[in-house]
Structures are given as structure tokens and as C-alpha cells.
Amino acid sequence: GAVGSAALALAIAAGCTGRPASPPAPGPAAVRSWVRSQLGSDELFAAEERVDRNPTDAAARLALAEICEREGDRVGAALALAPLVGPQAEPASIERYVRLCARIGWVEEAEATLARLGVSAPVGRVDLAAGYAGRGDLRRAAEVLAELPAAPADVEECLEGALTWYQCGELERAVAWAASAVRAGGDHPAPRLLHARLLLAAGRPDAALATLAPLTRQEPPPPAVEFWRGCAEVEIAEHRAAGAERLAQVAAAEPNDPATAYQAGKALVLAGRPAQAIPLLSRAAVARHQEVLCYDWLARAYTATGRPLDAAWARGRALLLRGDFRGAQATLARAIASGLRQPLAYVDWAEAVASRGNHGAALAVLDRARAADLVSMEGSLLRGRLLVLLQRPADAIAEYEWASHRFPDRASEALGNLGMLLYGSEQYDRAAAALERAVQLQPADAHAHFYLGRTYGRQSDDPAMAERAVRHLITAARMKPDYQVPWLNAATLLQRLNLLPEAAACLRRASVA
């Protein structure tokens with residue numbers, strides 16, 4: 001991204017890694033040790049210090065790049081290699097650098113390096129195309145791949161290129177590259193699995209089954225093989241029942257995989273077993289990338305099992321998720337008027353009303369649900385948001401506190417929202433108390449850790465509070481590594497604590513978030 005490109009440009013201009021030329025003064029030992037344990041090994045930081053002492057030592061830079069890659073810090077690896085990539089560089093070093101840049105989103109630097117050094121061979125082109133696709137520039141991604149005379153011999157590059165062609169909407173080219181990977185990959189399952197997946201997308205389930213056939217001879221076949229085999233069988237009428245049963249078995253063995261639950265639920269509806277589909281589709285609906293489709297299929301399953309009001313709720317929720325707020329409001333209002341007693345239906349109805357700009361009317365819908373004792377945590381969270389929008393923050397605070405007691409098994413959600421609201425109103429002591437309770441109840445709540453870090457960061461003149469803030473910010477950042485702000489906040493506090501290498505490590509992660 002822009003931050004990463006700027007950091008790389010500065011590093012290249014300075015001819016160094018972008019870290020201080022001399023080791024910083026020691027900071028608080030405990031927080032330094034903890035931060036290093038989260039961001040990299042002592043070996044990595046020692047390698048950085050060797051480069052900082054002698055920025056022109058090529059061997060030290062290569063060693064640092066190797067350690068950074070092993071630790072998962074591709075930005076650090078690229079920064080370490082950058083000064084070594086010149087006209088006299090080995091082709092392997094150029095390719096390594098270009099591939100690193102492409103993989104962390106610095107596609108302009110990758111392409112500029114190839115142009116600057118006059119590299120016309122297919123060095124790093126597949127990674128460069130994937131980098132453009134990852135940024136959403138599908139036109140340029142397709143152009144870069146089209147410049148290659150044929151699919152590369154390397155299996156990994158073939159697979160990455162096939163996925164990029166698929167992203168670009170070039171399905172037949174994607175299938176062809178995956179087929180090349182199958183030919184080059186021998187008995188390796190990854191090429192055949194991707195080839196089958198792409199053949200299914202192209203509407204060729206018989207061919208998908210054929211490419212999977214060698215993998216099905218294992219006893220027992222791996223779950224991924226059974227999953228794609230079941231998906232292909234469901235698309236063929238005479239194999240549909242067997243495919244649905246296969247997918248149901250995979251879903252039972254993989255209870256935390258919403259994609260498998262969705263495919264199994266859909267297959268069971270198609271196979272005439274809607275009652276068995278309902279729990280699977282309900283489980284799958286928690287995944288945001290497929291919940292619209294889940295509710296469409298749930299509506300079909302509810303209808304087929306004689307539950308028309310539940311079907312109406314599922315249709316209303318699908319409309320809401322698609323942004324058809326008027327249609328969702330009408331559908332849900334009719335279902336509730338017909339006798340539907342489903343707390344989430346009231347929440348969805350209120351959400352549809354609020355999305356059309358009528359916050360007061362949405363709150364009235366939630367009042368109706370509460371009067372009928374149809375309460376839910378989702379309803380309280382929405383009520384709190386509406387009260388804030390209606391400029392009633394004291395009532396919103398009371399709502400979140402009520403919800404934390406009414407729904408103890410989900411209290412952390414209400415407490416997280418309460419802490420954020422108190423933070424926004426500059427009630428930092430109360431915010432910290434609420435957020436501490438939230439992370440004690442749910443240690444994996446990245447949202448609560450982030451706001452707790454920001455809350456303690458307001459008192460960063462106190463080193464102890466700054467250290468607390470750093471711990472919570474880095475915890476949140478590691479849970480949500482693609483979110484830039486916690487990394488940046490942590491880096492600022494580490495700099496104040498004079499932990500400069502650790503601050504730089506956070507900034508490198510922020511640069512590609």
C-alpha cells in the first residue's frame with residue numbers, strides 16, 4: 001500500500017533498513033521481552049542490529065532477509081535486500097526481491113525494479129500479477145500474465161497464476177494453468193484440488209470427478225478431497241444423493257468450517273432432505289461472505305418443512321443483507337403481524353427501518369420486542385447504537401450495562417461496546433474498567449483489546465500505562481493483522497518507551513495491513 005511504498009522508498013534512498021544506525025538505549029525489560037516474543041525471535045532483532053552497525057555488509061543483509069522470511073516478516077526481508085538489488089545482482093536475488101515486493105503489495109516497486117534492471121525473462125511475473133489482483137487492478141494483472149509465453153513449470157507459480165486468472169474472470173485460462181500444475185505436480189494433491197474447483201466453476205462436474213479420482217484411492221480420503229468430490233457429485237443428478245451424504249459427513253467432522261456446512265446444507269435441500277439442512281445452514285450463516293446465500297437456502301428449507309413464518313424471516317434477512325431495506329421491512333413486518341415470535345426478526349425489522357433513516361421508529365420496533373419479552377443480545381446492541389444516534393448516550397450506557405447482566409454468556413460483547421462509548425465520551429477510568437471485564441470474559445476479543453490499549457494510551461506519560469497499552473494493542477493487532485491502526489498506535493508508544501527496533505517492527509506490519 002501507500003505506507004509500504006513510502007517506507008520502501010525511504011529505505012532505498014537511505015541505503016539502509018530504515019532503523020537507527022546505533023542500538024537504542026535499553027527500555028523496560030519486561031515489555032521489550034514480551035514485544036519481541038510477539039513480533040519475532042531474538043535472532044531476528046540481533047540480525048537487524050548487525051545490519052544497523054554495518055549497512056553495507058551484504059552477508060549480514062542476506063542473513064537478515066532469510067530470518068525475516070522465516071519469521072513471516074516479508075517487509076523486513078524486502079527492506080534488507082533492497083540495497084543489494086542493482087545491475088550486478090544475481091538473477092535469483094532479483095527474483096527473490098521482486099517476489100517479496102509483489103507479495104506485500106509493493107507492485108510498483110516490483111515492476112520498476114524489473115524495468116530498471118532490464119529484466120525481460122518471466123522473473124516474478126506471476127507474483128506481480130497476483131499483487132495487482134490483490135489490489136483490485138484485475139486489468140493489469142491479466143496483462144502481466146498474458147505477457148508470459150506459457151504457464152511456468154514451477155507448480156506453485158502455476159497454482160498462483162491459475163487463481164489470478166480466476167480472479168480476473170478468465171476461467172478457461174485458469175483451468176488450463178491448473179491442468180499444467182496437475183501435469184507438473186505428480187502425486188501432489190493441491191493441483192488436483194484446485195483443478196477440480198475450477199472445473200466445477202466452469203460447469204464441468206464430470207471432469208472435476210475425473211481429476212480427483214487418483215486422490216480418492218487413499219483410505220480414508222482426505223477431508224478436502226471428499227468435500228470437492230461431494231460438491232461435484234451434487235451437480236450430477238444421478239450422484240446427488242451420494243454427494244449430499246458425503247458433504248454431510250464432512251460437515252459433521254468439521255464443525256467449525258462454515259463453507260462446508262453451507263455446501264452440505266445446500267446439497268441436502270437439493271437432495272430432498274431439508275430438515276437435515278436447517279442446522280447446517282444456520283451454522284454456516286455466521287460467515288459474512290456467504291450469509292446472504294445461506295438465508296436464501298434456509299428460506300427454501302423452512303418452506304419445504306412447513307414453517308412459512310420462519311421462511312419469511314429468512315427471506316427478510318436475505319433482503320436486508322442485500323441492501324433492499326424497503327423489501328426487508330415489508331416482509332418482516334408481515335411475518336411478525338402473522339404471528340412470528342422470533343427475537344432476531346424484530347432486530348432485522350428495526351435494522352431495516354434504521355437503514356432507511358428513521359432511528360426513532362426503529363427504536364419503537366425494539367420496544368415492541370421487549371414488551372413481548374422477545375429480547376436478544378443483538379437487539380440490545382442495536383438499541384445502544386440507536387440511542388447514541390438519537391443523542392441519548394446515558395440511556396445507551398444503561399442499555400449496555402443491562403445487556404451485560406441479562407446475557408452473561410455474551411457479556412463481553414456489551415462490555416466492549418460500553419467501553420468504546422465511554423472512551424468516546426472521555427470517561428477513561430470507567431472505559432478501562434468495562435474493557436478489562438470484557439477481555440477477562442473473552443480474551444480473544446480484538447475490539448476490546450484495541451480500545452483498552454487506546455484507553456491506557458491516553459496516559460502514556462506513565463511508562464507503566466504505556467506498557468499496558470502496548471500489550472493490548474499488539475494483542476489486538478495480532479488477532480486482526482490486516483487492520484493497520486493498532487500496529488501504528490503500538491509503534492508510537494514503543495517509540496516513546498525508546499524501544500525503536502520494536503517500533504520499527506510494528507511499522508513494517510502496519511505498512512502492509
# chains A, B, ... in the order shown; residues from 1 in each chain; ligands from 1
>>> residues_around(residues="region 240-250 of chain A", least_positions_apart="6", cutoff="10 Å", atoms="only C-alpha atoms", output="PyMOL selection string")
chain A and resi 222-234+257+260-273+276-277+280
>>> residues_around(residues="Ala403 (chain A)", least_positions_apart="6", cutoff="7 Å", atoms="only C-alpha atoms", output="ChimeraX atom specification")
/A:377,380,411,414
>>> write_last_selection(atoms="N, CA, C and O atoms", output="CSV table (one decimal), in the first residue's frame")
chain,number,residue,atom,x,y,z
A,377,MET,N,-29.3,-10.4,22.6
A,377,MET,CA,-28.1,-9.5,22.7
A,377,MET,C,-28.0,-8.6,21.4
A,377,MET,O,-27.7,-7.5,21.5
A,380,SER,N,-30.2,-5.6,22.0
A,380,SER,CA,-29.6,-4.6,22.9
A,380,SER,C,-28.4,-3.9,22.2
A,380,SER,O,-28.3,-2.7,22.4
A,411,ALA,N,-21.7,-11.4,27.7
A,411,ALA,CA,-21.5,-10.1,28.4
A,411,ALA,C,-20.3,-9.3,27.8
A,411,ALA,O,-20.4,-8.1,27.7
A,414,ALA,N,-21.4,-6.7,25.1
A,414,ALA,CA,-22.0,-5.5,25.6
A,414,ALA,C,-20.9,-4.6,26.3
A,414,ALA,O,-20.9,-3.4,26.1
>>> atom_distance(atom1="CA of Ala176 (chain A)", atom2="CA of Leu209 (chain A)")
16.5 Å
>>> select_by_dssp(residues="region 248-493 of chain A", states="helix (DSSP H, G or I)", output="PyMOL selection string")
chain A and resi 248-253+258-270+274-284+291-304+308-322+325-337+343-355+359-371+377-389+393-406+408-424+428-441+446-457+463-479+484-493
>>> atom_distance(atom1="CA of Ala490 (chain A)", atom2="CA of Leu473 (chain A)")
5.8 Å
